[in-house]
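What follows is input-v9.cif (mmCIF, C-alpha atoms; chains and numbers go by the auth columns).
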```
data_structure
#
loop_
_atom_site.group_PDB
_atom_site.id
_atom_site.type_symbol
_atom_site.label_atom_id
_atom_site.label_comp_id
_atom_site.label_asym_id
_atom_site.label_seq_id
_atom_site.Cartn_x
_atom_site.Cartn_y
_atom_site.Cartn_z
_atom_site.B_iso_or_equiv
_atom_site.auth_seq_id
_atom_site.auth_asym_id
ATOM 1 C CA MET A 1 100.363 76.647 31.513 0.00 1 A
ATOM 2 C CA THR A 2 97.021 77.899 30.223 0.00 2 A
ATOM 3 C CA ASN A 3 94.395 79.318 32.561 0.00 3 A
ATOM 4 C CA THR A 4 90.859 79.755 31.263 0.00 4 A
ATOM 5 C CA PHE A 5 88.433 82.244 32.746 0.00 5 A
ATOM 6 C CA ILE A 6 84.808 82.175 31.650 0.00 6 A
ATOM 7 C CA GLY A 7 82.452 85.098 32.146 0.00 7 A
ATOM 8 C CA ILE A 8 78.694 84.583 31.834 0.00 8 A
ATOM 9 C CA ASP A 9 76.151 87.371 31.534 0.00 9 A
ATOM 10 C CA PRO A 10 73.016 85.207 31.918 0.00 10 A
ATOM 11 C CA GLY A 11 69.824 85.825 30.012 0.00 11 A
ATOM 12 C CA LYS A 12 68.807 85.420 26.392 0.00 12 A
ATOM 13 C CA SER A 13 70.443 88.706 25.437 0.00 13 A
ATOM 14 C CA GLY A 14 73.534 87.862 27.490 0.00 14 A
ATOM 15 C CA ALA A 15 76.793 86.315 26.405 0.00 15 A
ATOM 16 C CA ILE A 16 79.678 84.050 27.313 0.00 16 A
ATOM 17 C CA ALA A 17 83.319 85.098 27.176 0.00 17 A
ATOM 18 C CA VAL A 18 86.243 82.678 27.294 0.00 18 A
ATOM 19 C CA LEU A 19 89.546 84.291 28.246 0.00 19 A
ATOM 20 C CA ARG A 20 92.600 82.049 27.901 0.00 20 A
ATOM 21 C CA THR A 21 95.814 83.285 29.469 0.00 21 A
ATOM 22 C CA GLN A 22 99.309 81.964 28.870 0.00 22 A
ATOM 23 C CA PRO A 23 102.762 83.304 29.654 0.00 23 A
ATOM 24 C CA GLN A 24 103.019 84.642 26.074 0.00 24 A
ATOM 25 C CA GLY A 25 99.665 86.456 26.116 0.00 25 A
ATOM 26 C CA GLN A 26 95.917 86.034 26.161 0.00 26 A
ATOM 27 C CA SER A 27 93.065 85.319 23.765 0.00 27 A
ATOM 28 C CA LEU A 28 89.384 86.119 24.025 0.00 28 A
ATOM 29 C CA ALA A 29 86.429 84.354 22.419 0.00 29 A
ATOM 30 C CA VAL A 30 82.930 85.761 22.831 0.00 30 A
ATOM 31 C CA PHE A 31 79.586 84.068 22.149 0.00 31 A
ATOM 32 C CA ASP A 32 76.051 85.391 22.307 0.00 32 A
ATOM 33 C CA CYS A 33 73.782 83.262 24.470 0.00 33 A
ATOM 34 C CA PRO A 34 72.601 80.339 22.321 0.00 34 A
ATOM 35 C CA VAL A 35 68.894 80.796 21.626 0.00 35 A
ATOM 36 C CA ALA A 36 66.517 78.700 19.551 0.00 36 A
ATOM 37 C CA LYS A 37 64.208 80.996 17.602 0.00 37 A
ATOM 38 C CA GLY A 38 60.568 80.280 18.349 0.00 38 A
ATOM 39 C CA GLY A 39 58.903 81.520 15.187 0.00 39 A
ATOM 40 C CA LYS A 40 55.776 83.646 14.812 0.00 40 A
ATOM 41 C CA LYS A 41 53.742 82.401 17.781 0.00 41 A
ATOM 42 C CA ALA A 42 56.303 80.623 19.934 0.00 42 A
ATOM 43 C CA LYS A 43 58.774 82.374 22.219 0.00 43 A
ATOM 44 C CA ASP A 44 62.493 82.041 21.742 0.00 44 A
ATOM 45 C CA SER A 45 63.992 79.504 24.122 0.00 45 A
ATOM 46 C CA TYR A 46 67.416 78.771 25.518 0.00 46 A
ATOM 47 C CA ASP A 47 69.449 76.373 23.380 0.00 47 A
ATOM 48 C CA VAL A 48 70.687 74.163 26.211 0.00 48 A
ATOM 49 C CA ALA A 49 72.811 71.970 23.940 0.00 49 A
ATOM 50 C CA GLY A 50 74.487 75.088 22.532 0.00 50 A
ATOM 51 C CA MET A 51 75.116 76.428 26.037 0.00 51 A
ATOM 52 C CA ALA A 52 76.670 73.120 27.093 0.00 52 A
ATOM 53 C CA LYS A 53 78.842 72.963 23.948 0.00 53 A
ATOM 54 C CA ILE A 54 80.386 76.380 24.590 0.00 54 A
ATOM 55 C CA LEU A 55 81.213 75.487 28.186 0.00 55 A
ATOM 56 C CA SER A 56 82.444 71.998 27.278 0.00 56 A
ATOM 57 C CA ASP A 57 84.781 73.471 24.645 0.00 57 A
ATOM 58 C CA ALA A 58 86.004 76.072 27.160 0.00 58 A
ATOM 59 C CA LYS A 59 86.878 73.313 29.600 0.00 59 A
ATOM 60 C CA GLN A 60 89.656 72.019 27.293 0.00 60 A
ATOM 61 C CA SER A 61 92.142 73.774 29.550 0.00 61 A
ATOM 62 C CA PRO A 62 92.918 71.900 32.785 0.00 62 A
ATOM 63 C CA ASN A 63 92.733 75.153 34.770 0.00 63 A
ATOM 64 C CA VAL A 64 89.341 76.748 34.351 0.00 64 A
ATOM 65 C CA HIS A 65 87.119 78.974 36.475 0.00 65 A
ATOM 66 C CA CYS A 66 83.823 80.676 35.673 0.00 66 A
ATOM 67 C CA ILE A 67 82.459 83.967 36.931 0.00 67 A
ATOM 68 C CA ILE A 68 78.697 84.135 36.534 0.00 68 A
ATOM 69 C CA GLU A 69 76.679 87.203 37.352 0.00 69 A
ATOM 70 C CA SER A 70 74.478 86.617 40.387 0.00 70 A
ATOM 71 C CA VAL A 71 71.095 87.892 39.303 0.00 71 A
ATOM 72 C CA HIS A 72 67.739 88.484 40.946 0.00 72 A
ATOM 73 C CA SER A 73 64.364 89.933 40.084 0.00 73 A
ATOM 74 C CA MET A 74 63.807 93.664 40.115 0.00 74 A
ATOM 75 C CA PRO A 75 60.659 95.714 40.657 0.00 75 A
ATOM 76 C CA GLY A 76 58.683 96.377 37.494 0.00 76 A
ATOM 77 C CA GLN A 77 59.782 93.246 35.675 0.00 77 A
ATOM 78 C CA GLY A 78 57.082 90.891 34.493 0.00 78 A
ATOM 79 C CA VAL A 79 56.504 87.603 36.257 0.00 79 A
ATOM 80 C CA SER A 80 56.732 85.568 33.065 0.00 80 A
ATOM 81 C CA SER A 81 59.951 87.203 31.882 0.00 81 A
ATOM 82 C CA MET A 82 61.569 86.846 35.303 0.00 82 A
ATOM 83 C CA PHE A 83 60.597 83.177 35.458 0.00 83 A
ATOM 84 C CA ASP A 84 62.177 82.633 32.039 0.00 84 A
ATOM 85 C CA PHE A 85 65.292 84.574 33.062 0.00 85 A
ATOM 86 C CA GLY A 86 65.613 82.522 36.263 0.00 86 A
ATOM 87 C CA LYS A 87 65.177 79.334 34.277 0.00 87 A
ATOM 88 C CA GLY A 88 68.123 80.306 32.060 0.00 88 A
ATOM 89 C CA PHE A 89 70.254 81.198 35.077 0.00 89 A
ATOM 90 C CA GLY A 90 69.497 77.787 36.576 0.00 90 A
ATOM 91 C CA MET A 91 70.437 76.105 33.304 0.00 91 A
ATOM 92 C CA TRP A 92 73.842 77.796 33.349 0.00 92 A
ATOM 93 C CA LEU A 93 74.429 76.645 36.934 0.00 93 A
ATOM 94 C CA GLY A 94 73.318 73.104 36.101 0.00 94 A
ATOM 95 C CA ILE A 95 75.612 72.883 33.077 0.00 95 A
ATOM 96 C CA LEU A 96 78.561 74.222 35.091 0.00 96 A
ATOM 97 C CA ALA A 97 77.884 71.615 37.797 0.00 97 A
ATOM 98 C CA ALA A 98 77.461 68.773 35.290 0.00 98 A
ATOM 99 C CA LEU A 99 80.744 69.676 33.582 0.00 99 A
ATOM 100 C CA LYS A 100 82.439 70.129 36.974 0.00 100 A
ATOM 101 C CA ILE A 101 83.561 73.648 36.135 0.00 101 A
ATOM 102 C CA PRO A 102 84.301 75.622 39.301 0.00 102 A
ATOM 103 C CA TYR A 103 82.407 78.900 39.440 0.00 103 A
ATOM 104 C CA THR A 104 81.898 82.006 41.513 0.00 104 A
ATOM 105 C CA LEU A 105 78.670 83.988 41.676 0.00 105 A
ATOM 106 C CA VAL A 106 79.388 87.714 41.630 0.00 106 A
ATOM 107 C CA SER A 107 76.895 90.550 41.966 0.00 107 A
ATOM 108 C CA PRO A 108 76.897 93.192 39.235 0.00 108 A
ATOM 109 C CA VAL A 109 77.772 95.839 41.823 0.00 109 A
ATOM 110 C CA ARG A 110 80.838 93.908 42.933 0.00 110 A
ATOM 111 C CA TRP A 111 82.464 93.195 39.556 0.00 111 A
ATOM 112 C CA LYS A 112 81.534 96.613 38.138 0.00 112 A
ATOM 113 C CA LYS A 113 83.133 98.343 41.131 0.00 113 A
ATOM 114 C CA VAL A 114 86.435 96.779 40.088 0.00 114 A
ATOM 115 C CA MET A 115 86.156 96.799 36.290 0.00 115 A
ATOM 116 C CA LEU A 116 84.354 100.137 35.831 0.00 116 A
ATOM 117 C CA SER A 117 85.898 102.032 38.734 0.00 117 A
ATOM 118 C CA ASP A 118 86.681 105.192 36.768 0.00 118 A
ATOM 119 C CA VAL A 119 83.655 105.374 34.462 0.00 119 A
ATOM 120 C CA LYS A 120 79.904 105.725 34.703 0.00 120 A
ATOM 121 C CA GLN A 121 78.559 102.251 35.320 0.00 121 A
ATOM 122 C CA ASP A 122 76.009 101.737 32.556 0.00 122 A
ATOM 123 C CA LYS A 123 75.718 99.382 29.574 0.00 123 A
ATOM 124 C CA GLY A 124 77.395 101.848 27.204 0.00 124 A
ATOM 125 C CA ALA A 125 80.323 102.198 29.564 0.00 125 A
ATOM 126 C CA SER A 126 80.752 98.426 29.562 0.00 126 A
ATOM 127 C CA ARG A 127 81.173 98.417 25.775 0.00 127 A
ATOM 128 C CA ILE A 128 83.621 101.314 25.837 0.00 128 A
ATOM 129 C CA ARG A 129 85.674 99.771 28.649 0.00 129 A
ATOM 130 C CA ALA A 130 85.724 96.358 26.941 0.00 130 A
ATOM 131 C CA LYS A 131 87.124 98.006 23.793 0.00 131 A
ATOM 132 C CA GLN A 132 89.854 99.582 25.927 0.00 132 A
ATOM 133 C CA LEU A 133 90.712 96.323 27.687 0.00 133 A
ATOM 134 C CA PHE A 134 90.501 94.109 24.582 0.00 134 A
ATOM 135 C CA PRO A 135 91.640 96.296 21.650 0.00 135 A
ATOM 136 C CA ASP A 136 92.353 93.284 19.411 0.00 136 A
ATOM 137 C CA GLU A 137 88.735 92.136 19.809 0.00 137 A
ATOM 138 C CA ALA A 138 87.077 95.587 19.787 0.00 138 A
ATOM 139 C CA GLU A 139 84.750 94.601 16.930 0.00 139 A
ATOM 140 C CA PHE A 140 82.995 92.194 19.334 0.00 140 A
ATOM 141 C CA PHE A 141 81.591 95.233 21.153 0.00 141 A
ATOM 142 C CA ASP A 142 80.634 97.571 18.274 0.00 142 A
ATOM 143 C CA ARG A 143 76.838 97.316 18.417 0.00 143 A
ATOM 144 C CA VAL A 144 74.623 98.689 21.175 0.00 144 A
ATOM 145 C CA LYS A 145 73.230 95.190 21.698 0.00 145 A
ATOM 146 C CA ASP A 146 76.779 93.905 22.380 0.00 146 A
ATOM 147 C CA ASP A 147 76.622 95.053 25.999 0.00 147 A
ATOM 148 C CA GLY A 148 76.182 91.409 27.100 0.00 148 A
ATOM 149 C CA ARG A 149 79.391 90.501 25.270 0.00 149 A
ATOM 150 C CA ALA A 150 81.215 93.385 26.938 0.00 150 A
ATOM 151 C CA GLU A 151 79.969 92.479 30.395 0.00 151 A
ATOM 152 C CA ALA A 152 80.778 88.773 29.986 0.00 152 A
ATOM 153 C CA SER A 153 84.287 89.706 28.806 0.00 153 A
ATOM 154 C CA MET A 154 84.862 91.964 31.770 0.00 154 A
ATOM 155 C CA MET A 155 83.597 89.284 34.155 0.00 155 A
ATOM 156 C CA ALA A 156 86.145 86.861 32.666 0.00 156 A
ATOM 157 C CA LEU A 157 88.876 89.470 33.192 0.00 157 A
ATOM 158 C CA TYR A 158 87.534 90.102 36.705 0.00 158 A
ATOM 159 C CA GLY A 159 87.939 86.367 37.300 0.00 159 A
ATOM 160 C CA ARG A 160 91.537 86.525 36.103 0.00 160 A
ATOM 161 C CA GLN A 161 92.271 89.433 38.425 0.00 161 A
ATOM 162 C CA THR A 162 90.557 87.978 41.481 0.00 162 A
ATOM 163 C CA GLN A 163 91.348 84.292 41.054 0.00 163 A
ATOM 164 C CA GLY A 164 94.973 84.843 40.060 0.00 164 A
ATOM 165 C CA ALA A 165 96.904 81.806 38.917 0.00 165 A
ATOM 166 C CA LEU A 166 94.670 78.784 39.285 0.00 166 A
ATOM 167 C CA ALA A 167 95.978 75.701 41.040 0.00 167 A
ATOM 168 C CA PRO A 168 96.747 72.884 38.599 0.00 168 A
ATOM 169 C CA ALA A 169 93.822 70.526 38.128 0.00 169 A
ATOM 170 C CA LYS A 170 94.063 67.133 39.789 0.00 170 A
ATOM 171 C CA GLU A 171 94.353 64.257 37.344 0.00 171 A
#
```
Can you dump the structure from the file as structure tokens?
Amino acid sequence: MTNTFIGIDPGKSGAIAVLRTQPQGQSLAVFDCPVAKGGKKAKDSYDVAGMAKILSDAKQSPNVHCIIESVHSMPGQGVSSMFDFGKGFGMWLGILAALKIPYTLVSPVRWKKVMLSDVKQDKGASRIRAKQLFPDEAEFFDRVKDDGRAEASMMALYGRQTQGALAPAKE
């Protein structure tokens, strides 16, 4: 039986990781957040259809669960950028609900306490730890800007560790 764990690091520079586990092993697919480029004067925007496609494809397994980072505004962040970030977070939640994918909101502190317990908890550490945990997919985490990929991947693995074997889906 295949279990699928999805990790979402929300935000335009975030990513989605799809971890499929089977008795004979696991596979990991990683996607940068789909973004439609805005051009010279227009801002980039979330590609909602692209977001939905990734999650719809991930739902092919009957046993699926998503871990999405529970985010909030922080002091010093601009109002406009936080509104845009919150809009993207809401889109992820709406798509998960529309596709009937069960999900768990997890604070960064909570999942990092488990996944980065023995290392300094910064973005660079996430990339290094992801390379250790997913050596066959290490190239996904090579660039500095791949921290979203690393964090999404570790959230998917966190889901696997905390959710255990998922109950079979009802037909």
Open item on the list: For range 114-130 of chain A, find every residue with an atom within 7 Å (counting all atoms listed in the file), except residues of its own chain fewer than 4 positions away, and show them as a VMD selection string.
Closed with: chain A and resid 110 134 141 147 150 to 151 154 158
Would you mind listing, for every residue of range 31-69 of chain A within 7 Å of range 95-107 of chain A, the two atoms forming the shortest contact and the distance between them in Å to one decimal, using all atoms listed in the file, sorted by chain and ascending residue number, as JSON lines?
```
{"residue": "A:Ala52", "atom": "CA", "partner": "A:Ile95", "partner_atom": "CA", "distance": 6.1}
{"residue": "A:Ser56", "atom": "CA", "partner": "A:Leu99", "partner_atom": "CA", "distance": 6.9}
{"residue": "A:Val64", "atom": "CA", "partner": "A:Ile101", "partner_atom": "CA", "distance": 6.8}
{"residue": "A:His65", "atom": "CA", "partner": "A:Pro102", "partner_atom": "CA", "distance": 5.2}
{"residue": "A:Cys66", "atom": "CA", "partner": "A:Tyr103", "partner_atom": "CA", "distance": 4.4}
{"residue": "A:Ile67", "atom": "CA", "partner": "A:Thr104", "partner_atom": "CA", "distance": 5.0}
{"residue": "A:Ile68", "atom": "CA", "partner": "A:Leu105", "partner_atom": "CA", "distance": 5.1}
{"residue": "A:Glu69", "atom": "CA", "partner": "A:Val106", "partner_atom": "CA", "distance": 5.1}
```
Task: Atomic separation - CA of Gln26 in chain A relative to CA of Lys131 in chain A, Å - done: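 Rounded to one decimal, the two atoms are 15.0 Å apart.
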Centre and size of axis-aligned box enclosing range 3-8 of chain A plus 6 Å each side, as lines of an AutoDock Vina configuration file:
```
center_x = 86.5
center_y = 82.2
center_z = 32.0
size_x = 27.7
size_y = 17.8
size_z = 13.5
```
Task: Distance in Å - CA of Val71 in chain A versus CA of Phe89 in chain A - done: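 Between these atoms lies a distance of 8.0 Å.
Among the candidates A:Asp44, A:Asp32, A:Glu137, A:Asp142, the one nearest to Phe85 in chain A when counting all atoms listed in the file is A:Asp44.
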Task: Output check: residues returned by the PyMOL selection byres ((chain A and resi 30) around 9), as an MDAnalysis selection string - done: chainID A and resid 15:19 28:29 31:32 140 149:150 152:153
Hits from the PyMOL selection byres ((chain A and resi 22) around 8), listed as a tab-separated table (two decimals) with C-alpha atoms, keeping the file's coordinate frame:
```tsv
chain	number	residue	atom	x	y	z
A	1	MET	CA	100.36	76.65	31.51
A	2	THR	CA	97.02	77.90	30.22
A	3	ASN	CA	94.40	79.32	32.56
A	20	ARG	CA	92.60	82.05	27.90
A	21	THR	CA	95.81	83.28	29.47
A	23	PRO	CA	102.76	83.30	29.65
A	24	GLN	CA	103.02	84.64	26.07
A	25	GLY	CA	99.66	86.46	26.12
A	26	GLN	CA	95.92	86.03	26.16
```
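The interatomic distance for the pair CA of Gly50 in chain A and CA of Ala36 in chain A works out to 9.2 Å.
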TODO: Using all atoms listed in the file, find all polymer residues with an atom at most 10 Å away from the point (63.4, 85.3, 24.5); report them as a list in words.
DONE: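 In the file's frame, the residues around the point are Gly11, Lys12, Ser13, Val35, Ala36, Lys37, Gly38, Ala42, Lys43, Asp44, Ser45, Tyr46, Ser81, Asp84 and Phe85 of chain A.
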Open item on the list: Using all atoms listed in the file for the distances, tell me which of A:Gly159, A:Pro34, A:Asp146, A:Leu133 is nearest to Met51 in chain A.
Closed with: A:Pro34
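Using all atoms listed in the file for every distance, the candidate list A:Cys33, A:Lys87, A:Leu93, A:Phe5 yields A:Phe5 as the residue closest to Pro62 in chain A.
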Open item on the list: Between A:Val144, A:Ser61, A:Met155, A:Gly90, which residue has the minimum interatomic distance to Lys113 in chain A, considering only C-alpha atoms?
Closed with: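 Checking each candidate against Lys113 in chain A, we get A:Met155 as the closest.
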